[in-house]
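As provided, start-v6.txt (compact mmCIF, C-alpha atoms) reads as follows.
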```txt
# COMPACT_ATOMS: atom_id res chain seq x y z
CA MET A 1 -40.01 -93.50 26.35
CA ALA A 2 -37.48 -90.92 27.48
CA SER A 3 -36.00 -88.37 25.13
CA SER A 4 -33.72 -85.36 25.45
CA ALA A 5 -34.51 -82.09 23.79
CA LYS A 6 -32.79 -78.72 23.81
CA LYS A 7 -34.70 -75.77 25.13
CA ARG A 8 -35.35 -73.14 22.50
CA ALA A 9 -36.06 -69.48 23.17
CA VAL A 10 -39.59 -68.49 22.21
CA GLY A 11 -40.35 -64.84 21.52
CA LEU A 12 -43.37 -63.42 23.32
CA GLY A 13 -43.66 -60.35 21.14
CA GLU A 14 -42.54 -57.92 23.81
CA ASN A 15 -39.38 -56.22 24.93
CA PRO A 16 -38.08 -57.99 28.07
CA GLN A 17 -37.20 -54.57 29.50
CA GLU A 18 -40.84 -53.56 29.20
CA SER A 19 -42.26 -56.64 30.90
CA ASP A 20 -44.08 -56.54 34.21
CA ASP A 21 -41.14 -58.19 35.97
CA SER A 22 -38.78 -55.40 35.00
CA SER A 23 -41.11 -52.59 36.07
CA ASP A 24 -40.12 -53.05 39.72
CA GLU A 25 -36.45 -52.54 38.98
CA SER A 26 -34.72 -49.18 39.31
CA PRO A 27 -33.95 -47.20 36.14
CA GLU A 28 -30.26 -47.77 36.70
CA THR A 29 -30.73 -51.55 36.77
CA ASP A 30 -32.83 -51.50 33.59
CA ASP A 31 -30.03 -49.89 31.61
CA ILE A 32 -27.31 -52.32 32.68
CA SER A 33 -26.41 -55.32 30.53
CA THR A 34 -23.63 -57.46 31.99
CA ASP A 35 -21.55 -60.30 30.64
CA GLU A 36 -22.90 -62.44 33.45
CA ASP A 37 -26.47 -61.95 32.19
CA SER A 38 -25.41 -62.92 28.66
CA GLU A 39 -23.62 -66.04 29.86
CA SER A 40 -26.61 -67.03 31.98
CA PHE A 41 -28.92 -66.66 28.97
CA GLU A 42 -26.61 -68.81 26.81
CA GLU A 43 -26.54 -71.50 29.48
CA GLU A 44 -30.33 -71.53 29.56
CA LEU A 45 -30.54 -71.94 25.79
CA ASN A 46 -28.07 -74.84 25.83
CA GLU A 47 -29.67 -76.58 28.78
CA VAL A 48 -30.63 -80.19 28.04
CA VAL A 49 -33.82 -81.37 29.67
CA THR A 50 -35.09 -84.94 29.85
CA VAL A 51 -38.74 -85.37 28.96
CA ASP A 52 -40.69 -88.62 29.11
CA PHE A 53 -43.14 -89.07 26.24
CA GLU A 54 -45.91 -91.61 25.93
CA ALA A 55 -48.19 -92.59 23.07
CA TYR A 56 -51.95 -92.38 23.58
CA ALA A 57 -55.00 -93.26 21.51
CA VAL A 58 -56.38 -90.29 19.58
CA SER A 59 -59.37 -88.53 21.16
CA HIS A 60 -61.44 -85.37 20.71
CA ASN A 61 -59.27 -83.66 23.35
CA HIS A 62 -56.39 -83.70 20.85
CA PHE A 63 -58.18 -81.75 18.09
CA ASN A 64 -56.32 -78.45 18.50
CA GLY A 65 -52.90 -80.08 18.86
CA ILE A 66 -53.30 -82.29 15.77
CA LYS A 67 -54.68 -79.43 13.68
CA LYS A 68 -51.76 -77.20 14.66
CA LEU A 69 -49.27 -79.84 13.50
CA LEU A 70 -51.17 -80.32 10.24
CA GLN A 71 -50.99 -76.58 9.62
CA GLN A 72 -47.24 -76.87 10.15
CA LEU A 73 -47.18 -79.35 7.26
CA PHE A 74 -49.63 -77.76 4.82
CA LEU A 75 -48.91 -74.10 5.72
CA LYS A 76 -51.08 -71.86 3.53
CA ALA A 77 -52.14 -74.54 1.05
CA HIS A 78 -55.85 -74.78 0.29
CA VAL A 79 -56.41 -77.85 2.47
CA ASN A 80 -59.12 -78.16 5.14
CA THR A 81 -57.00 -79.19 8.14
CA SER A 82 -60.04 -79.18 10.44
CA GLU A 83 -61.72 -81.85 8.33
CA ILE A 84 -58.54 -83.94 8.22
CA THR A 85 -58.31 -83.70 12.01
CA ASP A 86 -61.91 -84.88 12.36
CA ILE A 87 -61.15 -87.92 10.21
CA ILE A 88 -58.03 -88.74 12.23
CA ILE A 89 -60.08 -88.63 15.44
CA GLU A 90 -62.93 -90.61 13.88
CA GLN A 91 -60.67 -93.53 12.93
CA ASN A 92 -58.88 -93.74 16.27
CA HIS A 93 -58.33 -97.48 15.90
CA VAL A 94 -55.33 -96.47 13.78
CA GLY A 95 -52.88 -93.82 14.96
CA SER A 96 -51.43 -92.32 18.14
CA VAL A 97 -50.55 -88.98 19.68
CA ILE A 98 -47.42 -88.14 21.67
CA LYS A 99 -47.90 -86.44 25.01
CA GLN A 100 -45.69 -85.73 27.97
CA ALA A 101 -45.92 -88.70 30.33
CA GLU A 102 -46.23 -86.70 33.54
CA VAL A 103 -46.55 -82.94 33.78
CA PRO A 104 -44.85 -81.67 36.97
CA GLU A 105 -47.06 -79.71 39.35
CA ASP A 106 -44.76 -76.69 39.15
CA SER A 107 -44.70 -76.75 35.34
CA ASP A 108 -45.82 -73.68 33.39
CA ASP A 109 -47.69 -76.04 31.06
CA ASP A 110 -51.32 -76.16 32.21
CA ASP A 111 -52.57 -78.28 29.30
CA PRO A 112 -52.34 -82.03 30.05
CA ASP A 113 -53.63 -82.78 26.54
CA GLU A 114 -50.91 -80.88 24.69
CA VAL A 115 -49.89 -82.87 21.62
CA PHE A 116 -46.17 -83.03 20.86
CA GLY A 117 -46.67 -85.20 17.78
CA PHE A 118 -48.93 -87.74 16.12
CA ILE A 119 -48.91 -90.53 13.55
CA THR A 120 -51.71 -92.05 11.49
CA MET A 121 -52.62 -93.46 8.08
CA LEU A 122 -55.58 -92.20 6.05
CA ASN A 123 -56.99 -94.28 3.22
CA LEU A 124 -57.26 -91.82 0.34
CA THR A 125 -58.88 -94.38 -1.96
CA GLU A 126 -61.82 -95.28 0.29
CA ARG A 127 -62.36 -91.57 1.08
CA LYS A 128 -62.52 -90.50 -2.54
CA GLY A 129 -64.81 -87.48 -2.90
CA VAL A 130 -64.23 -86.20 0.65
CA GLN A 131 -63.35 -82.50 0.41
CA CYS A 132 -60.02 -82.53 2.27
CA VAL A 133 -58.87 -85.68 0.47
CA GLU A 134 -59.58 -84.14 -2.92
CA GLN A 135 -57.79 -80.97 -1.84
CA ILE A 136 -54.68 -82.96 -0.89
CA LYS A 137 -54.73 -84.78 -4.23
CA GLU A 138 -55.18 -81.50 -6.11
CA LEU A 139 -52.25 -79.94 -4.24
CA ILE A 140 -49.99 -82.90 -4.95
CA LEU A 141 -50.87 -83.20 -8.63
CA GLU A 142 -50.55 -79.45 -9.22
CA GLN A 143 -47.11 -79.34 -7.63
CA CYS A 144 -46.04 -82.53 -9.40
CA GLU A 145 -46.85 -80.99 -12.78
CA LYS A 146 -44.93 -77.82 -11.88
CA SER A 147 -41.83 -79.67 -10.73
CA SER A 148 -41.79 -82.81 -12.91
CA GLY A 149 -43.99 -82.08 -15.91
CA GLN A 150 -47.41 -83.10 -17.22
CA VAL A 151 -46.52 -86.72 -17.99
CA ALA A 152 -45.32 -87.38 -14.44
CA ALA A 153 -48.44 -85.74 -13.03
CA GLU A 154 -50.70 -87.87 -15.23
CA GLN A 155 -48.91 -91.04 -14.13
CA LEU A 156 -49.24 -90.07 -10.47
CA GLU A 157 -52.92 -89.21 -10.94
CA GLN A 158 -53.51 -92.64 -12.44
CA MET A 159 -51.82 -94.33 -9.48
CA LEU A 160 -53.82 -92.29 -6.97
CA GLY A 161 -57.05 -93.10 -8.78
CA ASP A 162 -56.56 -96.87 -9.14
CA THR A 163 -59.16 -98.35 -6.76
CA ALA A 164 -57.60 -101.80 -7.13
CA LYS A 165 -54.41 -100.48 -5.49
CA PRO A 166 -55.45 -98.37 -2.46
CA VAL A 167 -53.23 -95.49 -1.40
CA GLY A 168 -52.74 -94.53 2.24
CA LEU A 169 -51.54 -91.09 3.33
CA LEU A 170 -48.98 -91.57 6.10
CA LEU A 171 -48.98 -88.53 8.39
CA SER A 172 -46.22 -88.32 11.00
CA GLU A 173 -45.78 -84.87 12.52
CA ARG A 174 -44.07 -83.66 15.70
CA PHE A 175 -42.43 -80.62 17.26
CA VAL A 176 -39.00 -79.93 15.76
CA ASN A 177 -37.24 -80.52 19.10
CA VAL A 178 -38.70 -84.00 19.61
CA PRO A 179 -35.88 -86.41 18.60
CA PRO A 180 -36.30 -89.04 15.84
CA GLN A 181 -35.88 -91.98 18.26
CA ILE A 182 -39.50 -91.53 19.26
CA ALA A 183 -40.56 -92.35 15.69
CA LEU A 184 -39.53 -96.01 15.95
CA PRO A 185 -42.14 -97.25 18.44
CA LEU A 186 -44.78 -95.07 16.80
CA HIS A 187 -44.18 -96.53 13.33
CA VAL A 188 -43.98 -100.09 14.67
CA HIS A 189 -47.23 -99.69 16.59
CA LEU A 190 -48.92 -98.08 13.57
CA GLN A 191 -48.03 -101.05 11.37
CA ASP A 192 -49.44 -103.41 14.00
CA GLU A 193 -52.68 -101.40 14.07
CA ILE A 194 -52.93 -101.44 10.27
CA SER A 195 -52.41 -105.22 10.22
CA GLU A 196 -55.11 -105.67 12.86
CA ALA A 197 -57.49 -103.40 10.93
CA GLU A 198 -56.93 -105.47 7.79
CA ARG A 199 -57.45 -108.73 9.71
CA THR A 200 -60.76 -107.53 11.17
CA ASN A 201 -61.93 -105.79 7.95
CA LYS A 202 -61.92 -102.36 9.56
CA PRO A 203 -61.37 -99.19 7.50
CA SER A 204 -57.78 -98.14 6.81
CA GLY A 205 -56.51 -101.68 6.84
CA LYS A 206 -55.40 -102.45 3.30
CA TYR A 207 -52.97 -100.52 1.09
CA HIS A 208 -50.86 -100.97 -1.99
CA TYR A 209 -49.01 -97.65 -1.79
CA CYS A 210 -48.03 -95.34 1.02
CA LEU A 211 -48.02 -91.61 0.19
CA MET A 212 -45.93 -89.22 2.28
CA ILE A 213 -45.51 -85.44 2.26
CA SER A 214 -42.29 -84.71 4.13
CA LYS A 215 -40.90 -81.43 5.38
CA THR A 216 -37.45 -80.93 3.87
CA CYS A 217 -35.06 -78.03 3.42
CA MET A 218 -32.01 -77.12 1.39
CA GLN A 219 -29.17 -74.65 1.73
CA VAL A 220 -30.02 -71.36 0.07
CA SER A 221 -26.64 -71.38 -1.65
CA LYS A 222 -27.71 -74.35 -3.76
CA THR A 223 -28.87 -73.57 -7.27
CA VAL A 224 -32.60 -74.17 -7.76
CA THR A 225 -34.36 -74.06 -11.13
CA ALA A 226 -38.09 -73.92 -11.85
CA ARG A 227 -38.12 -77.73 -11.91
CA GLY A 228 -36.11 -78.15 -8.72
CA PRO A 229 -32.38 -78.33 -7.95
CA ASP A 230 -29.79 -77.87 -10.67
CA PRO A 231 -28.77 -81.40 -11.76
CA THR A 232 -25.12 -80.29 -11.77
CA ASP A 233 -25.28 -79.67 -8.01
CA PRO A 234 -24.29 -82.49 -5.64
CA LYS A 235 -27.02 -85.05 -4.93
CA ASP A 236 -28.68 -85.71 -1.58
CA GLU A 237 -28.89 -82.01 -0.84
CA TYR A 238 -32.34 -82.16 0.73
CA MET A 239 -32.39 -82.49 4.49
CA PHE A 240 -35.40 -84.22 6.04
CA ILE A 241 -36.78 -82.42 9.09
CA ASN A 242 -38.02 -85.79 10.36
CA ALA A 243 -34.75 -87.63 9.77
CA GLU A 244 -36.27 -91.13 9.65
CA GLU A 245 -38.32 -90.27 6.57
CA GLU A 246 -35.20 -90.48 4.42
CA PHE A 247 -35.47 -94.27 4.71
CA PHE A 248 -38.93 -94.09 3.13
CA TYR A 249 -37.55 -91.86 0.37
CA GLU A 250 -34.95 -94.50 -0.55
CA HIS A 251 -37.72 -96.97 -1.44
CA ALA A 252 -40.11 -94.58 -3.21
CA VAL A 253 -41.18 -95.34 -6.78
CA SER A 254 -42.23 -91.74 -7.41
CA THR A 255 -40.84 -88.55 -5.85
CA PHE A 256 -40.77 -84.81 -6.39
CA HIS A 257 -40.04 -81.65 -4.39
CA PHE A 258 -41.67 -78.25 -4.27
CA SER A 259 -40.72 -75.04 -2.51
CA VAL A 260 -42.86 -73.51 0.25
CA GLN A 261 -40.59 -70.51 0.70
CA ASP A 262 -43.41 -68.04 0.11
CA GLU A 263 -45.68 -69.75 2.64
CA ALA A 264 -43.28 -70.56 5.47
CA ASP A 265 -42.81 -68.15 8.34
CA SER A 266 -41.00 -70.47 10.74
CA CYS A 267 -37.33 -70.76 11.60
CA LEU A 268 -36.97 -73.40 8.91
CA SER A 269 -37.08 -70.66 6.29
CA GLY A 270 -34.40 -68.65 8.02
CA ARG A 271 -31.65 -69.39 10.52
CA TRP A 272 -31.41 -70.80 14.02
CA SER A 273 -28.57 -68.35 14.75
CA VAL A 274 -26.33 -65.94 12.90
CA ASP A 275 -23.76 -68.71 12.41
CA ASP A 276 -26.20 -71.14 10.77
CA VAL A 277 -26.48 -71.61 7.01
CA PRO A 278 -29.82 -70.19 5.78
CA MET A 279 -32.19 -72.92 4.63
CA LYS A 280 -34.98 -72.88 2.08
CA PRO A 281 -38.07 -74.95 3.04
CA PHE A 282 -39.52 -77.58 0.71
CA ARG A 283 -42.06 -80.37 0.73
CA THR A 284 -40.97 -83.73 -0.62
CA VAL A 285 -43.71 -86.03 -1.90
CA MET A 286 -43.06 -89.74 -2.23
CA LEU A 287 -45.05 -92.84 -3.12
CA ILE A 288 -43.78 -96.03 -1.50
CA PRO A 289 -44.95 -99.60 -2.23
CA VAL A 290 -46.34 -101.17 0.92
CA GLU A 291 -44.24 -104.25 0.24
CA SER A 292 -41.17 -102.13 1.07
CA ILE A 293 -42.44 -101.16 4.54
CA PRO A 294 -40.94 -104.21 6.36
CA THR A 295 -37.50 -103.35 4.96
CA ILE A 296 -37.95 -99.73 6.02
CA MET A 297 -38.98 -100.85 9.52
CA ASP A 298 -35.77 -102.90 9.77
CA LYS A 299 -33.77 -99.79 8.85
CA LEU A 300 -35.58 -97.74 11.46
CA LYS A 301 -34.82 -100.36 14.11
CA GLU A 302 -31.17 -100.44 13.07
CA TYR A 303 -30.60 -96.70 13.22
CA LEU A 304 -33.09 -95.48 15.83
CA THR A 305 -32.85 -98.09 18.56
CA VAL A 306 -31.51 -96.42 21.69
```
Write the structure described by the file as C-alpha cells, please.
Amino acid sequence: MASSAKKRAVGLGENPQESDDSSDESPETDDISTDEDSESFEEELNEVVTVDFEAYAVSHNHFNGIKKLLQQLFLKAHVNTSEITDIIIEQNHVGSVIKQAEVPEDSDDDDPDEVFGFITMLNLTERKGVQCVEQIKELILEQCEKSSGQVAAEQLEQMLGDTAKPVGLLLSERFVNVPPQIALPLHVHLQDEISEAERTNKPSGKYHYCLMISKTCMQVSKTVTARGPDPTDPKDEYMFINAEEEFFYEHAVSTFHFSVQDEADSCLSGRWSVDDVPMKPFRTVMLIPVESIPTIMDKLKEYLTV
C-alpha cells in the first residue's frame, strides 16, 4: 500500500551552527543567514515523499516499536506497557504491524524492523487478573468517575466485569504522519483474523463489546470544565488524531473524555507552527457493541478507499 506523508523537522537537541558539519566552514560563513537558505529549508519541510507500507505478522523483533507507540497512547499513566507488548506478541494470530515495504540502500534508516504502526485486539475479559489489564481498567474507571460521575463509572465497571459479554481492547496506533487510508486494510484484516480465531476456538476470538482509547485534542480556546467541555460550546469539538476512529465513536454506547495536558510533551499539546491554533490533548474512551462493527467497516470503506 502506498501512502504520502509530509516530512517533519525533528530536533536533535543541538544548535545546527555547532554541529560537526559546520565546523569546517569559515567564521564568516557561519554568521551569514540568507533568504535562499530559509527558502530551501521551507521547501524541505513541505516536500511530499511517497512511502510504501506493508503489514506484517507481529514478532519479537517489533517489541521496541510497539512499546514506543503504546507509550504514546498511555503517556505517564500507571500502565505496564512492556507487559502489554508481550501479550500482543504472544497472540500474534491476531494483529499486524506496519513497516516500510523496502528500505532504500542509501536511506539513513538502518532498522528494517522499525514499526510505523500496529493494530490488535486484546481480550480483557479472558485476561482478568493480569497486571496490565487491571491497570488499564483502573485507569479507565478512575477517569470515568472524574469526568462523568460515580454512577457512570459503576455502570462501566459492571459492563467490563460481565464475563458473559467479553470486552476486547482495540489498539490501533501509528506515527502521526502516516495517513488514515492505511487503517482500512488493517481493520478489515483484523476483523478477518478475529472471525478465524472465533471459528477455530483460539483466544481473542469472541467479543460483545469493543473498547477503544483514542487520542483526541481540542482547541485551547474552548471552555473546559472539571467534567469536560462546557455544554454551551459547539458540539463535535474533539478532533481525533486517528481520523477513522470518529466512525467508532458514532456507534459507541458509552463515552467520556479526559485531559492528558499535564502528561503530554509532544507537539499535540502545543502547535505545529506559530500560525496554528494551540491544541489541548485528551483521551476519548468509547465502548462499542461488536454488532456495530460491520456498519463501521462499511463507513471506513466508503471514506478511506483510495
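With distances taken over all atoms listed in the file, A:His187 is the one residue among A:Lys146, A:His187, A:Arg127, A:Lys76 lying closest to Asp298 of chain A.
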*asked:* Under the rule that only C-alpha atoms are counted, which of A:Arg174, A:Lys137, A:His189, A:His93 is the nearest residue to Leu211 of chain A?
replied: A:Lys137
*Can you tell me how far atom CA of Phe240 of chain A sits from atom CA of Lys215 of chain A, in Å to one decimal?*
6.2 Å
Write out as a tab-separated table the residues of segment 99-163 of chain A that have any atom within 12 Å of an atom of segment 190-210 of chain A, one row each with the nearest atom pair and its distance in Å to one decimal, counting all atoms listed in the file, sorted by chain and then rising number.
```
residue	atom	partner	partner_atom	distance
A:Phe118	CA	A:Leu190	CA	10.6
A:Ile119	CA	A:Leu190	CA	7.6
A:Thr120	CA	A:Leu190	CA	7.0
A:Met121	CA	A:Ser204	CA	7.1
A:Leu122	CA	A:Ser204	CA	6.4
A:Asn123	CA	A:Ser204	CA	5.3
A:Leu124	CA	A:Ser204	CA	9.1
A:Thr125	CA	A:Tyr207	CA	9.1
A:Glu126	CA	A:Ser204	CA	8.2
A:Arg127	CA	A:Ser204	CA	9.8
A:Leu156	CA	A:Tyr209	CA	11.5
A:Met159	CA	A:Tyr209	CA	8.8
A:Leu160	CA	A:Tyr209	CA	8.9
A:Gly161	CA	A:Tyr209	CA	11.6
A:Asp162	CA	A:His208	CA	10.0
A:Thr163	CA	A:His208	CA	9.9
```
*Provide the atom CA of Ser59 of chain A to atom CA of Glu102 of chain A distance in Å, to one decimal place.*
18.1 Å
*For a cut-off of 10 Å around (-35.2, -83.8, 7.7), file coordinates, pick out all residues using all atoms listed in the file and list them as number ranges by chain.*
A: 176, 180, 214-218, 238-246
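For the atom pair formed by atom CA of Leu141 of chain A and atom CA of Glu157 of chain A, the distance is 6.8 Å, given to one decimal.
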*Out of A:Ile296, A:Met279, A:Ile182, A:Val94, which residue has the shortest atom-to-atom distance to Phe116 of chain A when counting only C-alpha atoms?*
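Smallest separation from Phe116 of chain A among the options: A:Ile182.
Between His251 of chain A and the candidates A:Ile293, A:Cys132, A:Ala55, A:Val178, the tightest atom-to-atom separation, counting only C-alpha atoms, involves A:Ile293.
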_Pick from A:Glu83, A:Tyr56, A:Ala77, A:Ile88, whichever lies nearest to Ala101 of chain A using only C-alpha atoms_ = A:Tyr56
*Residue among A:Glu250, A:Glu154, A:Asp111, A:Glu173 lying closest to Ile66 of chain A, counting only C-alpha atoms*: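 Result for the nearest residue to Ile66 of chain A: A:Glu173.
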Missing atoms of segment 131-146 of chain A rebuilt to N, CA, C and O atoms, written as a PDB file, in the coordinates of the input:
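File produced: part_29.pdb:
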```
ATOM      1  N   GLN A 131     -63.942 -83.789   0.794  1.00  0.00           N
ATOM      2  CA  GLN A 131     -63.350 -82.500   0.410  1.00  0.00           C
ATOM      3  C   GLN A 131     -61.854 -82.413   0.692  1.00  0.00           C
ATOM      4  O   GLN A 131     -61.058 -82.081  -0.191  1.00  0.00           O
ATOM      5  N   CYS A 132     -61.439 -82.697   1.921  1.00  0.00           N
ATOM      6  CA  CYS A 132     -60.020 -82.530   2.270  1.00  0.00           C
ATOM      7  C   CYS A 132     -59.133 -83.496   1.513  1.00  0.00           C
ATOM      8  O   CYS A 132     -57.991 -83.169   1.157  1.00  0.00           O
ATOM      9  N   VAL A 133     -59.640 -84.691   1.237  1.00  0.00           N
ATOM     10  CA  VAL A 133     -58.870 -85.680   0.470  1.00  0.00           C
ATOM     11  C   VAL A 133     -58.647 -85.189  -0.950  1.00  0.00           C
ATOM     12  O   VAL A 133     -57.532 -85.272  -1.496  1.00  0.00           O
ATOM     13  N   GLU A 134     -59.696 -84.667  -1.562  1.00  0.00           N
ATOM     14  CA  GLU A 134     -59.580 -84.140  -2.920  1.00  0.00           C
ATOM     15  C   GLU A 134     -58.657 -82.928  -2.962  1.00  0.00           C
ATOM     16  O   GLU A 134     -57.919 -82.717  -3.933  1.00  0.00           O
ATOM     17  N   GLN A 135     -58.681 -82.131  -1.907  1.00  0.00           N
ATOM     18  CA  GLN A 135     -57.790 -80.970  -1.840  1.00  0.00           C
ATOM     19  C   GLN A 135     -56.329 -81.399  -1.762  1.00  0.00           C
ATOM     20  O   GLN A 135     -55.454 -80.783  -2.387  1.00  0.00           O
ATOM     21  N   ILE A 136     -56.044 -82.443  -0.998  1.00  0.00           N
ATOM     22  CA  ILE A 136     -54.680 -82.960  -0.890  1.00  0.00           C
ATOM     23  C   ILE A 136     -54.215 -83.493  -2.242  1.00  0.00           C
ATOM     24  O   ILE A 136     -53.094 -83.218  -2.682  1.00  0.00           O
ATOM     25  N   LYS A 137     -55.071 -84.245  -2.913  1.00  0.00           N
ATOM     26  CA  LYS A 137     -54.730 -84.780  -4.230  1.00  0.00           C
ATOM     27  C   LYS A 137     -54.465 -83.643  -5.224  1.00  0.00           C
ATOM     28  O   LYS A 137     -53.500 -83.681  -5.997  1.00  0.00           O
ATOM     29  N   GLU A 138     -55.331 -82.639  -5.199  1.00  0.00           N
ATOM     30  CA  GLU A 138     -55.180 -81.500  -6.110  1.00  0.00           C
ATOM     31  C   GLU A 138     -53.851 -80.784  -5.862  1.00  0.00           C
ATOM     32  O   GLU A 138     -53.137 -80.414  -6.806  1.00  0.00           O
ATOM     33  N   LEU A 139     -53.517 -80.587  -4.593  1.00  0.00           N
ATOM     34  CA  LEU A 139     -52.250 -79.940  -4.240  1.00  0.00           C
ATOM     35  C   LEU A 139     -51.070 -80.744  -4.769  1.00  0.00           C
ATOM     36  O   LEU A 139     -50.143 -80.191  -5.397  1.00  0.00           O
ATOM     37  N   ILE A 140     -51.099 -82.038  -4.547  1.00  0.00           N
ATOM     38  CA  ILE A 140     -49.990 -82.900  -4.950  1.00  0.00           C
ATOM     39  C   ILE A 140     -49.835 -82.931  -6.466  1.00  0.00           C
ATOM     40  O   ILE A 140     -48.719 -82.801  -6.998  1.00  0.00           O
ATOM     41  N   LEU A 141     -50.941 -83.099  -7.168  1.00  0.00           N
ATOM     42  CA  LEU A 141     -50.870 -83.200  -8.630  1.00  0.00           C
ATOM     43  C   LEU A 141     -50.453 -81.872  -9.260  1.00  0.00           C
ATOM     44  O   LEU A 141     -49.695 -81.851 -10.235  1.00  0.00           O
ATOM     45  N   GLU A 142     -50.937 -80.769  -8.703  1.00  0.00           N
ATOM     46  CA  GLU A 142     -50.550 -79.450  -9.220  1.00  0.00           C
ATOM     47  C   GLU A 142     -49.061 -79.213  -9.051  1.00  0.00           C
ATOM     48  O   GLU A 142     -48.385 -78.760  -9.984  1.00  0.00           O
ATOM     49  N   GLN A 143     -48.535 -79.538  -7.871  1.00  0.00           N
ATOM     50  CA  GLN A 143     -47.110 -79.340  -7.630  1.00  0.00           C
ATOM     51  C   GLN A 143     -46.255 -80.330  -8.406  1.00  0.00           C
ATOM     52  O   GLN A 143     -45.137 -80.002  -8.825  1.00  0.00           O
ATOM     53  N   CYS A 144     -46.778 -81.529  -8.612  1.00  0.00           N
ATOM     54  CA  CYS A 144     -46.040 -82.530  -9.400  1.00  0.00           C
ATOM     55  C   CYS A 144     -45.867 -82.054 -10.843  1.00  0.00           C
ATOM     56  O   CYS A 144     -44.786 -82.181 -11.429  1.00  0.00           O
ATOM     57  N   GLU A 145     -46.930 -81.491 -11.410  1.00  0.00           N
ATOM     58  CA  GLU A 145     -46.850 -80.990 -12.780  1.00  0.00           C
ATOM     59  C   GLU A 145     -45.861 -79.836 -12.887  1.00  0.00           C
ATOM     60  O   GLU A 145     -45.094 -79.737 -13.852  1.00  0.00           O
ATOM     61  N   LYS A 146     -45.853 -78.956 -11.872  1.00  0.00           N
ATOM     62  CA  LYS A 146     -44.930 -77.820 -11.880  1.00  0.00           C
ATOM     63  C   LYS A 146     -43.480 -78.270 -11.787  1.00  0.00           C
ATOM     64  O   LYS A 146     -42.596 -77.704 -12.432  1.00  0.00           O
TER      65      LYS A 146
END
```
